[in-house]
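Data from run.txt: compact mmCIF, N, CA and C atoms
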# COMPACT_ATOMS: atom_id res chain seq x y z
N MET A 1 -32.58 -58.15 127.89
CA MET A 1 -32.09 -59.50 128.03
C MET A 1 -32.60 -60.04 129.36
N ASN A 2 -33.22 -61.20 129.29
CA ASN A 2 -33.75 -61.85 130.49
C ASN A 2 -33.15 -63.26 130.57
N PRO A 3 -32.01 -63.40 131.29
CA PRO A 3 -31.36 -64.72 131.34
C PRO A 3 -32.18 -65.70 132.16
N SER A 4 -31.93 -66.96 131.92
CA SER A 4 -32.67 -68.01 132.61
C SER A 4 -32.31 -68.02 134.09
N PRO A 5 -33.22 -68.51 134.93
CA PRO A 5 -32.91 -68.60 136.36
C PRO A 5 -31.72 -69.51 136.65
N ILE A 6 -31.53 -70.52 135.82
CA ILE A 6 -30.40 -71.43 136.01
C ILE A 6 -29.09 -70.68 135.82
N LEU A 7 -29.01 -69.83 134.78
CA LEU A 7 -27.80 -69.05 134.54
C LEU A 7 -27.58 -68.04 135.66
N ARG A 8 -28.66 -67.37 136.12
CA ARG A 8 -28.51 -66.40 137.20
C ARG A 8 -28.02 -67.07 138.48
N LEU A 9 -28.47 -68.29 138.74
CA LEU A 9 -28.06 -68.99 139.95
C LEU A 9 -26.63 -69.54 139.83
N SER A 10 -26.28 -70.01 138.65
CA SER A 10 -24.96 -70.64 138.50
C SER A 10 -23.85 -69.65 138.16
N ALA A 11 -24.18 -68.43 137.75
CA ALA A 11 -23.16 -67.46 137.34
C ALA A 11 -22.13 -67.15 138.43
N PRO A 12 -22.52 -66.94 139.69
CA PRO A 12 -21.48 -66.70 140.70
C PRO A 12 -20.55 -67.90 140.89
N MET A 13 -21.08 -69.09 140.82
CA MET A 13 -20.24 -70.28 140.94
C MET A 13 -19.30 -70.41 139.74
N LEU A 14 -19.82 -70.11 138.54
CA LEU A 14 -18.98 -70.16 137.34
C LEU A 14 -17.88 -69.10 137.40
N LEU A 15 -18.20 -67.94 137.98
CA LEU A 15 -17.20 -66.88 138.11
C LEU A 15 -16.03 -67.36 138.95
N TRP A 16 -16.31 -67.91 140.12
CA TRP A 16 -15.23 -68.35 141.00
C TRP A 16 -14.54 -69.61 140.49
N LEU A 17 -15.29 -70.48 139.83
CA LEU A 17 -14.67 -71.66 139.24
C LEU A 17 -13.70 -71.27 138.12
N SER A 18 -14.12 -70.32 137.30
CA SER A 18 -13.24 -69.88 136.21
C SER A 18 -11.98 -69.21 136.76
N PHE A 19 -12.12 -68.45 137.86
CA PHE A 19 -10.94 -67.84 138.48
C PHE A 19 -10.00 -68.92 139.03
N ALA A 20 -10.55 -69.93 139.67
CA ALA A 20 -9.72 -71.01 140.23
C ALA A 20 -8.99 -71.76 139.12
N VAL A 21 -9.70 -72.09 138.05
CA VAL A 21 -9.07 -72.81 136.94
C VAL A 21 -8.04 -71.92 136.25
N SER A 22 -8.32 -70.63 136.15
CA SER A 22 -7.37 -69.73 135.50
C SER A 22 -6.08 -69.60 136.31
N ILE A 23 -6.17 -69.59 137.63
CA ILE A 23 -4.97 -69.54 138.46
C ILE A 23 -4.17 -70.83 138.29
N TYR A 24 -4.87 -71.96 138.24
CA TYR A 24 -4.19 -73.24 138.01
C TYR A 24 -3.46 -73.23 136.67
N VAL A 25 -4.12 -72.74 135.62
CA VAL A 25 -3.51 -72.70 134.29
C VAL A 25 -2.33 -71.73 134.28
N LEU A 26 -2.46 -70.62 135.00
CA LEU A 26 -1.36 -69.66 135.09
C LEU A 26 -0.13 -70.30 135.71
N VAL A 27 -0.29 -70.96 136.85
CA VAL A 27 0.85 -71.55 137.54
C VAL A 27 1.38 -72.76 136.77
N ARG A 28 0.49 -73.55 136.21
CA ARG A 28 0.90 -74.73 135.45
C ARG A 28 1.66 -74.32 134.20
N GLY A 29 1.27 -73.22 133.59
CA GLY A 29 1.89 -72.76 132.36
C GLY A 29 3.32 -72.31 132.52
N HIS A 30 3.76 -72.20 133.77
CA HIS A 30 5.15 -71.84 134.02
C HIS A 30 6.08 -72.93 133.50
N ASN A 31 5.67 -74.20 133.59
CA ASN A 31 6.50 -75.32 133.15
C ASN A 31 5.84 -76.19 132.09
N GLU A 32 4.55 -76.02 131.84
CA GLU A 32 3.81 -76.83 130.88
C GLU A 32 2.91 -75.91 130.06
N PRO A 33 2.16 -76.44 129.09
CA PRO A 33 1.27 -75.58 128.30
C PRO A 33 0.27 -74.84 129.18
N GLY A 34 0.03 -73.62 128.84
CA GLY A 34 -0.85 -72.76 129.62
C GLY A 34 -0.13 -71.44 129.82
N GLY A 35 -0.44 -70.75 130.85
CA GLY A 35 0.27 -69.52 131.16
C GLY A 35 -0.66 -68.35 131.33
N GLY A 36 -0.06 -67.16 131.28
CA GLY A 36 -0.79 -65.94 131.57
C GLY A 36 -1.88 -65.60 130.58
N PHE A 37 -1.62 -65.82 129.30
CA PHE A 37 -2.62 -65.44 128.29
C PHE A 37 -3.88 -66.30 128.42
N ILE A 38 -3.70 -67.59 128.45
CA ILE A 38 -4.86 -68.48 128.53
C ILE A 38 -5.56 -68.32 129.88
N GLY A 39 -4.78 -68.16 130.94
CA GLY A 39 -5.37 -67.95 132.26
C GLY A 39 -6.21 -66.68 132.31
N GLY A 40 -5.71 -65.60 131.72
CA GLY A 40 -6.47 -64.36 131.67
C GLY A 40 -7.76 -64.49 130.89
N LEU A 41 -7.72 -65.24 129.79
CA LEU A 41 -8.94 -65.49 129.01
C LEU A 41 -9.97 -66.27 129.82
N LEU A 42 -9.52 -67.27 130.57
CA LEU A 42 -10.44 -68.06 131.39
C LEU A 42 -11.08 -67.21 132.48
N ALA A 43 -10.29 -66.35 133.11
CA ALA A 43 -10.84 -65.47 134.15
C ALA A 43 -11.86 -64.50 133.56
N ALA A 44 -11.56 -63.96 132.39
CA ALA A 44 -12.49 -63.04 131.74
C ALA A 44 -13.77 -63.75 131.30
N ALA A 45 -13.67 -65.04 130.97
CA ALA A 45 -14.87 -65.80 130.60
C ALA A 45 -15.84 -65.89 131.77
N GLY A 46 -15.31 -66.01 132.98
CA GLY A 46 -16.17 -66.01 134.16
C GLY A 46 -16.89 -64.68 134.32
N VAL A 47 -16.19 -63.59 134.04
CA VAL A 47 -16.82 -62.27 134.09
C VAL A 47 -17.90 -62.16 133.03
N LEU A 48 -17.67 -62.74 131.86
CA LEU A 48 -18.68 -62.72 130.79
C LEU A 48 -19.96 -63.43 131.24
N PHE A 49 -19.82 -64.64 131.80
CA PHE A 49 -21.01 -65.35 132.28
C PHE A 49 -21.74 -64.53 133.33
N TYR A 50 -21.00 -63.94 134.24
CA TYR A 50 -21.62 -63.14 135.30
C TYR A 50 -22.34 -61.92 134.71
N ALA A 51 -21.71 -61.28 133.71
CA ALA A 51 -22.31 -60.10 133.09
C ALA A 51 -23.57 -60.47 132.30
N ILE A 52 -23.57 -61.61 131.65
CA ILE A 52 -24.77 -62.03 130.92
C ILE A 52 -25.91 -62.29 131.90
N ALA A 53 -25.59 -62.89 133.03
CA ALA A 53 -26.62 -63.25 133.99
C ALA A 53 -27.13 -62.07 134.81
N HIS A 54 -26.24 -61.16 135.20
CA HIS A 54 -26.61 -60.11 136.14
C HIS A 54 -26.46 -58.70 135.61
N GLY A 55 -25.97 -58.55 134.40
CA GLY A 55 -25.79 -57.23 133.81
C GLY A 55 -24.36 -56.75 133.92
N ALA A 56 -23.99 -55.86 132.99
CA ALA A 56 -22.62 -55.37 132.93
C ALA A 56 -22.26 -54.54 134.14
N ALA A 57 -23.20 -53.73 134.64
CA ALA A 57 -22.90 -52.87 135.79
C ALA A 57 -22.61 -53.70 137.05
N THR A 58 -23.36 -54.76 137.25
CA THR A 58 -23.13 -55.63 138.41
C THR A 58 -21.81 -56.37 138.27
N ALA A 59 -21.47 -56.79 137.06
CA ALA A 59 -20.20 -57.47 136.83
C ALA A 59 -19.03 -56.51 137.06
N ARG A 60 -19.18 -55.24 136.63
CA ARG A 60 -18.13 -54.25 136.89
C ARG A 60 -17.92 -54.06 138.39
N ALA A 61 -19.01 -54.04 139.14
CA ALA A 61 -18.90 -53.90 140.59
C ALA A 61 -18.26 -55.13 141.21
N LYS A 62 -18.51 -56.29 140.64
CA LYS A 62 -17.97 -57.54 141.18
C LYS A 62 -16.45 -57.62 141.03
N ILE A 63 -15.91 -57.11 139.93
CA ILE A 63 -14.45 -57.17 139.74
C ILE A 63 -13.74 -56.01 140.42
N ARG A 64 -14.47 -55.10 141.01
CA ARG A 64 -14.00 -54.02 141.90
C ARG A 64 -13.24 -52.91 141.20
N LEU A 65 -12.27 -53.20 140.39
CA LEU A 65 -11.52 -52.16 139.69
C LEU A 65 -11.97 -52.09 138.24
N SER A 66 -11.72 -50.96 137.63
CA SER A 66 -12.03 -50.81 136.21
C SER A 66 -11.12 -51.73 135.40
N PRO A 67 -11.62 -52.29 134.31
CA PRO A 67 -10.75 -53.14 133.48
C PRO A 67 -9.50 -52.42 133.00
N SER A 68 -9.58 -51.12 132.75
CA SER A 68 -8.39 -50.39 132.31
C SER A 68 -7.34 -50.31 133.42
N VAL A 69 -7.77 -50.30 134.68
CA VAL A 69 -6.83 -50.32 135.80
C VAL A 69 -6.11 -51.67 135.84
N TYR A 70 -6.85 -52.75 135.57
CA TYR A 70 -6.22 -54.07 135.51
C TYR A 70 -5.18 -54.11 134.39
N CYS A 71 -5.47 -53.49 133.26
CA CYS A 71 -4.50 -53.45 132.15
C CYS A 71 -3.23 -52.72 132.59
N ALA A 72 -3.38 -51.59 133.25
CA ALA A 72 -2.22 -50.81 133.69
C ALA A 72 -1.40 -51.58 134.73
N ILE A 73 -2.08 -52.22 135.67
CA ILE A 73 -1.37 -53.00 136.69
C ILE A 73 -0.61 -54.16 136.04
N GLY A 74 -1.26 -54.84 135.10
CA GLY A 74 -0.61 -55.96 134.43
C GLY A 74 0.61 -55.53 133.64
N LEU A 75 0.51 -54.40 132.95
CA LEU A 75 1.67 -53.91 132.21
C LEU A 75 2.81 -53.53 133.15
N ALA A 76 2.47 -52.95 134.30
CA ALA A 76 3.51 -52.59 135.28
C ALA A 76 4.19 -53.85 135.84
N ILE A 77 3.40 -54.89 136.13
CA ILE A 77 3.98 -56.13 136.64
C ILE A 77 4.89 -56.77 135.59
N ALA A 78 4.42 -56.81 134.35
CA ALA A 78 5.23 -57.42 133.28
C ALA A 78 6.52 -56.64 133.07
N ALA A 79 6.45 -55.32 133.11
CA ALA A 79 7.66 -54.51 132.93
C ALA A 79 8.61 -54.67 134.12
N ALA A 80 8.05 -54.77 135.32
CA ALA A 80 8.88 -54.92 136.52
C ALA A 80 9.51 -56.30 136.62
N SER A 81 9.00 -57.27 135.89
CA SER A 81 9.55 -58.63 135.97
C SER A 81 10.99 -58.70 135.47
N GLY A 82 11.39 -57.75 134.68
CA GLY A 82 12.76 -57.74 134.18
C GLY A 82 13.75 -57.10 135.13
N ALA A 83 13.25 -56.35 136.11
CA ALA A 83 14.14 -55.62 137.02
C ALA A 83 15.06 -56.52 137.83
N PRO A 84 14.63 -57.70 138.32
CA PRO A 84 15.58 -58.55 139.06
C PRO A 84 16.79 -58.98 138.24
N GLY A 85 16.70 -58.89 136.94
CA GLY A 85 17.83 -59.23 136.08
C GLY A 85 19.01 -58.29 136.29
N PHE A 86 18.73 -57.06 136.76
CA PHE A 86 19.82 -56.12 137.04
C PHE A 86 20.71 -56.61 138.18
N LEU A 87 20.19 -57.53 139.00
CA LEU A 87 20.95 -58.04 140.14
C LEU A 87 21.83 -59.23 139.79
N THR A 88 21.75 -59.71 138.56
CA THR A 88 22.57 -60.86 138.13
C THR A 88 23.99 -60.40 137.80
N ALA A 89 24.84 -61.37 137.50
CA ALA A 89 26.25 -61.06 137.19
C ALA A 89 26.36 -60.19 135.94
N ASN A 90 25.52 -60.46 134.93
CA ASN A 90 25.55 -59.66 133.70
C ASN A 90 24.89 -58.31 133.89
N GLY A 91 23.91 -58.25 134.78
CA GLY A 91 23.19 -57.00 135.03
C GLY A 91 22.30 -56.57 133.89
N ASP A 92 21.76 -57.54 133.14
CA ASP A 92 20.91 -57.23 131.99
C ASP A 92 19.44 -57.28 132.36
N TYR A 93 18.67 -56.39 131.75
CA TYR A 93 17.22 -56.40 131.92
C TYR A 93 16.67 -57.71 131.33
N LEU A 94 15.76 -58.33 132.01
CA LEU A 94 15.09 -59.56 131.63
C LEU A 94 15.98 -60.80 131.71
N ASP A 95 17.14 -60.73 132.38
CA ASP A 95 17.86 -61.96 132.69
C ASP A 95 17.03 -62.76 133.68
N HIS A 96 16.98 -64.06 133.50
CA HIS A 96 16.18 -64.90 134.39
C HIS A 96 16.84 -65.00 135.76
N VAL A 97 16.01 -64.86 136.77
CA VAL A 97 16.44 -65.04 138.15
C VAL A 97 15.54 -66.12 138.74
N TRP A 98 16.14 -67.06 139.44
CA TRP A 98 15.38 -68.18 140.01
C TRP A 98 15.49 -68.16 141.53
N TRP A 99 14.36 -68.50 142.16
CA TRP A 99 14.32 -68.71 143.60
C TRP A 99 13.83 -70.13 143.82
N PHE A 100 14.41 -70.81 144.77
CA PHE A 100 14.03 -72.18 145.07
C PHE A 100 13.42 -72.22 146.47
N VAL A 101 12.08 -72.34 146.52
CA VAL A 101 11.34 -72.30 147.76
C VAL A 101 11.16 -73.72 148.27
N ASP A 102 11.45 -73.92 149.54
CA ASP A 102 11.31 -75.25 150.14
C ASP A 102 9.97 -75.35 150.86
N ILE A 103 9.04 -76.12 150.30
CA ILE A 103 7.72 -76.35 150.91
C ILE A 103 7.51 -77.85 151.11
N GLY A 104 8.52 -78.49 151.64
CA GLY A 104 8.50 -79.95 151.73
C GLY A 104 9.26 -80.55 150.57
N SER A 105 9.09 -79.97 149.40
CA SER A 105 9.91 -80.27 148.24
C SER A 105 10.32 -78.92 147.64
N THR A 106 11.29 -78.94 146.79
CA THR A 106 11.79 -77.69 146.23
C THR A 106 10.89 -77.21 145.10
N LEU A 107 10.43 -75.97 145.22
CA LEU A 107 9.57 -75.35 144.21
C LEU A 107 10.37 -74.25 143.51
N PRO A 108 10.73 -74.44 142.23
CA PRO A 108 11.47 -73.39 141.53
C PRO A 108 10.53 -72.29 141.03
N LEU A 109 10.82 -71.07 141.42
CA LEU A 109 10.06 -69.91 140.96
C LEU A 109 11.02 -68.96 140.27
N GLY A 110 10.58 -68.38 139.17
CA GLY A 110 11.46 -67.49 138.42
C GLY A 110 10.75 -66.23 137.96
N THR A 111 11.52 -65.36 137.37
CA THR A 111 10.96 -64.10 136.88
C THR A 111 9.99 -64.33 135.72
N ALA A 112 10.08 -65.47 135.06
CA ALA A 112 9.12 -65.78 133.99
C ALA A 112 7.70 -65.89 134.54
N LEU A 113 7.57 -66.40 135.77
CA LEU A 113 6.25 -66.49 136.40
C LEU A 113 5.71 -65.09 136.70
N ILE A 114 6.58 -64.17 137.10
CA ILE A 114 6.14 -62.79 137.35
C ILE A 114 5.67 -62.16 136.04
N PHE A 115 6.41 -62.40 134.96
CA PHE A 115 6.00 -61.89 133.65
C PHE A 115 4.65 -62.48 133.25
N ASP A 116 4.47 -63.80 133.45
CA ASP A 116 3.19 -64.44 133.15
C ASP A 116 2.05 -63.84 133.97
N LEU A 117 2.32 -63.49 135.21
CA LEU A 117 1.31 -62.85 136.05
C LEU A 117 0.91 -61.50 135.45
N GLY A 118 1.89 -60.74 134.96
CA GLY A 118 1.58 -59.47 134.31
C GLY A 118 0.74 -59.65 133.06
N VAL A 119 1.08 -60.67 132.27
CA VAL A 119 0.29 -60.97 131.07
C VAL A 119 -1.13 -61.37 131.47
N TYR A 120 -1.25 -62.19 132.51
CA TYR A 120 -2.56 -62.65 133.01
C TYR A 120 -3.45 -61.45 133.37
N VAL A 121 -2.92 -60.53 134.15
CA VAL A 121 -3.71 -59.38 134.60
C VAL A 121 -4.05 -58.46 133.43
N THR A 122 -3.10 -58.27 132.51
CA THR A 122 -3.36 -57.43 131.34
C THR A 122 -4.44 -58.03 130.44
N VAL A 123 -4.34 -59.31 130.16
CA VAL A 123 -5.34 -59.97 129.31
C VAL A 123 -6.70 -59.97 130.00
N PHE A 124 -6.72 -60.23 131.30
CA PHE A 124 -7.98 -60.19 132.03
C PHE A 124 -8.64 -58.82 131.90
N GLY A 125 -7.88 -57.76 132.08
CA GLY A 125 -8.44 -56.41 131.98
C GLY A 125 -8.93 -56.08 130.58
N THR A 126 -8.14 -56.43 129.59
CA THR A 126 -8.49 -56.11 128.21
C THR A 126 -9.73 -56.87 127.75
N VAL A 127 -9.75 -58.17 127.98
CA VAL A 127 -10.87 -58.99 127.52
C VAL A 127 -12.13 -58.70 128.35
N SER A 128 -11.97 -58.43 129.63
CA SER A 128 -13.13 -58.06 130.45
C SER A 128 -13.75 -56.75 129.95
N ALA A 129 -12.91 -55.79 129.59
CA ALA A 129 -13.42 -54.53 129.05
C ALA A 129 -14.21 -54.77 127.77
N LEU A 130 -13.69 -55.64 126.92
CA LEU A 130 -14.37 -55.98 125.68
C LEU A 130 -15.71 -56.65 125.96
N PHE A 131 -15.70 -57.66 126.83
CA PHE A 131 -16.93 -58.38 127.15
C PHE A 131 -17.96 -57.46 127.80
N LEU A 132 -17.53 -56.63 128.74
CA LEU A 132 -18.49 -55.74 129.42
C LEU A 132 -19.06 -54.70 128.47
N ALA A 133 -18.26 -54.25 127.52
CA ALA A 133 -18.78 -53.32 126.51
C ALA A 133 -19.80 -54.00 125.62
N LEU A 134 -19.56 -55.25 125.25
CA LEU A 134 -20.50 -55.96 124.38
C LEU A 134 -21.79 -56.33 125.13
N VAL A 135 -21.67 -56.74 126.37
CA VAL A 135 -22.87 -57.13 127.14
C VAL A 135 -23.66 -55.89 127.53
N GLY A 136 -22.96 -54.76 127.73
CA GLY A 136 -23.63 -53.54 128.14
C GLY A 136 -24.51 -52.93 127.07
N GLU A 137 -24.30 -53.32 125.83
CA GLU A 137 -25.11 -52.81 124.73
C GLU A 137 -26.50 -53.42 124.79
N GLU A 138 -27.51 -52.60 124.74
CA GLU A 138 -28.90 -53.08 124.72
C GLU A 138 -29.38 -53.10 123.29
N ALA A 139 -30.04 -54.17 122.94
CA ALA A 139 -30.54 -54.32 121.56
C ALA A 139 -31.83 -53.55 121.38

Could the structure of this file be written out as structure tokens, please?
Amino acid sequence: MNPSPILRLSAPMLLWLSFAVSIYVLVRGHNEPGGGFIGGLLAAAGVLFYAIAHGAATARAKIRLSPSVYCAIGLAIAAASGAPGFLTANGDYLDHVWWFVDIGSTLPLGTALIFDLGVYVTVFGTVSALFLALVGEEA
């Protein structure tokens, strides 16, 4: 595979742009359409462009950890998101807990955002592994 010079030049920019948009979609999805699943897909799409342009091995080095490690971290974050529920009056796993952060205006943050972050990291790892396996195949 010999990608075009335009793709090789633009792939790093597309990688970081996709990460930025995916973080926006992750945070926006807390209260509006979007969230961890779509954000993880967008981040993995940036890895796909980078892998097509520079090869699967270079893309693996760029994301630093193995995709399976990202899957494990994401599952741990998603499972841990229910733990703050033990601190509520009912003491139930996955009870919503809210924090209100004052940054000039009040920003409500909850355990649902932590769960979405776990989904984001898990989807990123899973889809990146799939994309890197497909791009790594030589015809």

Which of chain A DSSP labels strand (DSSP E), written as an mmCIF file with N, CA and C atoms, keeping the file's coordinate frame:
data_model
loop_
_atom_site.group_PDB
_atom_site.id
_atom_site.type_symbol
_atom_site.label_atom_id
_atom_site.label_comp_id
_atom_site.auth_asym_id
_atom_site.auth_seq_id
_atom_site.Cartn_x
_atom_site.Cartn_y
_atom_site.Cartn_z
ATOM 1 N N TRP A 98 16.140 -67.060 139.440
ATOM 2 C CA TRP A 98 15.380 -68.180 140.010
ATOM 3 C C TRP A 98 15.490 -68.160 141.530
ATOM 4 N N TRP A 99 14.360 -68.500 142.160
ATOM 5 C CA TRP A 99 14.320 -68.710 143.600
ATOM 6 C C TRP A 99 13.830 -70.130 143.820
ATOM 7 N N PHE A 100 14.410 -70.810 144.770
ATOM 8 C CA PHE A 100 14.030 -72.180 145.070
ATOM 9 C C PHE A 100 13.420 -72.220 146.470
ATOM 10 N N VAL A 101 12.080 -72.340 146.520
ATOM 11 C CA VAL A 101 11.340 -72.300 147.760
ATOM 12 C C VAL A 101 11.160 -73.720 148.270
ATOM 13 N N ASP A 102 11.450 -73.920 149.540
ATOM 14 C CA ASP A 102 11.310 -75.250 150.140
ATOM 15 C C ASP A 102 9.970 -75.350 150.860
ATOM 16 N N THR A 106 11.290 -78.940 146.790
ATOM 17 C CA THR A 106 11.790 -77.690 146.230
ATOM 18 C C THR A 106 10.890 -77.210 145.100
ATOM 19 N N LEU A 107 10.430 -75.970 145.220
ATOM 20 C CA LEU A 107 9.570 -75.350 144.210
ATOM 21 C C LEU A 107 10.370 -74.250 143.510
ATOM 22 N N PRO A 108 10.730 -74.440 142.230
ATOM 23 C CA PRO A 108 11.470 -73.390 141.530
ATOM 24 C C PRO A 108 10.530 -72.290 141.030
ATOM 25 N N LEU A 109 10.820 -71.070 141.420
ATOM 26 C CA LEU A 109 10.060 -69.910 140.960
ATOM 27 C C LEU A 109 11.020 -68.960 140.270
ATOM 28 N N GLY A 110 10.580 -68.380 139.170
ATOM 29 C CA GLY A 110 11.460 -67.490 138.420
ATOM 30 C C GLY A 110 10.750 -66.230 137.960
#

For Arg60 (chain A): contacts at 8 Å, only N, CA and C atoms, fewer than 6 positions along chain excluded, given as number ranges by chain: A: 47, 50-51, 66-67, 132

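Distance check against Ile38 (chain A) using all atoms listed in the file: of A:Thr126, A:Pro12, A:Pro3, A:Tyr120, the minimum falls on A:Tyr120.
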
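Take the candidates A:Thr111, A:Thr106, A:Ser81, A:Ser10 and check each one against Phe49 (chain A) using all atoms listed in the file; the shortest distance goes to A:Ser10.
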
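For the pair CA of Phe124 (chain A) and atom N of Tyr70 (chain A), the interatomic distance is 8.3 Å.
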
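The environment of region 41-46 of chain A within 6 Å, counting all atoms listed in the file and disregarding residues fewer than 5 places along the same chain, consists of Leu14, Leu15, Ser18, Phe19, Ser22, Gly36, Ala51, Val123, Phe124, Val127 and Ser128 of chain A.
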
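Shortest atom-to-atom contact with Leu9 (chain A) among A:Ala53, A:Asp102, A:Gly82, A:Val25: A:Ala53, counting all atoms listed in the file.
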
Neighbour list for Gly118 (chain A) as a list in words, cut-off 7 Å, all atoms listed in the file, skip fewer than 3 positions in-chain: Gly36, Ile73, Gly74, Leu75, Ala76, Ile77, Ala78, Ala79, Leu113, Ile114, Phe115, Val121, Thr122 and Val123 of chain A

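Taking atom C of Val135 (chain A) and CA of Asn2 (chain A) as the two end points, the separation is 12.1 Å.
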
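Across A:Gly39, A:Ala11, A:His96, A:Ala112, the tightest approach to Tyr24 (chain A) is made by A:Gly39 when counting only C-alpha atoms.
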
Picked from region 5-133 of chain A by DSSP as alpha helix (DSSP H), as number ranges by chain: A: 5-28, 36-54, 56-62, 67-80, 111-133

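For the atom pair formed by atom C of Ser68 (chain A) and CA of Gly125 (chain A), the distance is 6.4 Å, given to one decimal.
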
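Residues within 6.5 Å of Tyr93 (chain A), counting all atoms listed in the file and excluding same-chain residues fewer than 2 positions away, are Gly82, Ala83, Gly85, Phe86, Gly91 and Asp95 of chain A.
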
For region 69-82 of chain A, supply N, CA, C and O atoms and format the output as a CSV table (one decimal), in the coordinates of the input.
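Okay, out-v5.csv is ready:
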chain,number,residue,atom,x,y,z
A,69,VAL,N,-7.8,-50.3,134.7
A,69,VAL,CA,-6.8,-50.3,135.8
A,69,VAL,C,-6.1,-51.7,135.8
A,69,VAL,O,-4.9,-51.7,136.1
A,70,TYR,N,-6.8,-52.8,135.6
A,70,TYR,CA,-6.2,-54.1,135.5
A,70,TYR,C,-5.2,-54.1,134.4
A,70,TYR,O,-4.1,-54.7,134.5
A,71,CYS,N,-5.5,-53.5,133.3
A,71,CYS,CA,-4.5,-53.4,132.2
A,71,CYS,C,-3.2,-52.7,132.6
A,71,CYS,O,-2.1,-53.2,132.3
A,72,ALA,N,-3.4,-51.6,133.2
A,72,ALA,CA,-2.2,-50.8,133.7
A,72,ALA,C,-1.4,-51.6,134.7
A,72,ALA,O,-0.2,-51.6,134.7
A,73,ILE,N,-2.1,-52.2,135.7
A,73,ILE,CA,-1.4,-53.0,136.7
A,73,ILE,C,-0.6,-54.2,136.0
A,73,ILE,O,0.5,-54.4,136.4
A,74,GLY,N,-1.3,-54.8,135.1
A,74,GLY,CA,-0.6,-56.0,134.4
A,74,GLY,C,0.6,-55.5,133.6
A,74,GLY,O,1.7,-56.2,133.7
A,75,LEU,N,0.5,-54.4,133.0
A,75,LEU,CA,1.7,-53.9,132.2
A,75,LEU,C,2.8,-53.5,133.2
A,75,LEU,O,4.0,-53.8,132.9
A,76,ALA,N,2.5,-53.0,134.3
A,76,ALA,CA,3.5,-52.6,135.3
A,76,ALA,C,4.2,-53.8,135.8
A,76,ALA,O,5.4,-53.9,136.0
A,77,ILE,N,3.4,-54.9,136.1
A,77,ILE,CA,4.0,-56.1,136.6
A,77,ILE,C,4.9,-56.8,135.6
A,77,ILE,O,6.0,-57.2,135.9
A,78,ALA,N,4.4,-56.8,134.4
A,78,ALA,CA,5.2,-57.4,133.3
A,78,ALA,C,6.5,-56.6,133.1
A,78,ALA,O,7.6,-57.2,132.9
A,79,ALA,N,6.4,-55.3,133.1
A,79,ALA,CA,7.7,-54.5,132.9
A,79,ALA,C,8.6,-54.7,134.1
A,79,ALA,O,9.8,-54.7,133.9
A,80,ALA,N,8.0,-54.8,135.3
A,80,ALA,CA,8.9,-54.9,136.5
A,80,ALA,C,9.5,-56.3,136.6
A,80,ALA,O,10.5,-56.5,137.4
A,81,SER,N,9.0,-57.3,135.9
A,81,SER,CA,9.6,-58.6,136.0
A,81,SER,C,11.0,-58.7,135.5
A,81,SER,O,11.7,-59.6,135.8
A,82,GLY,N,11.4,-57.8,134.7
A,82,GLY,CA,12.8,-57.7,134.2
A,82,GLY,C,13.8,-57.1,135.1
A,82,GLY,O,15.0,-57.3,135.0
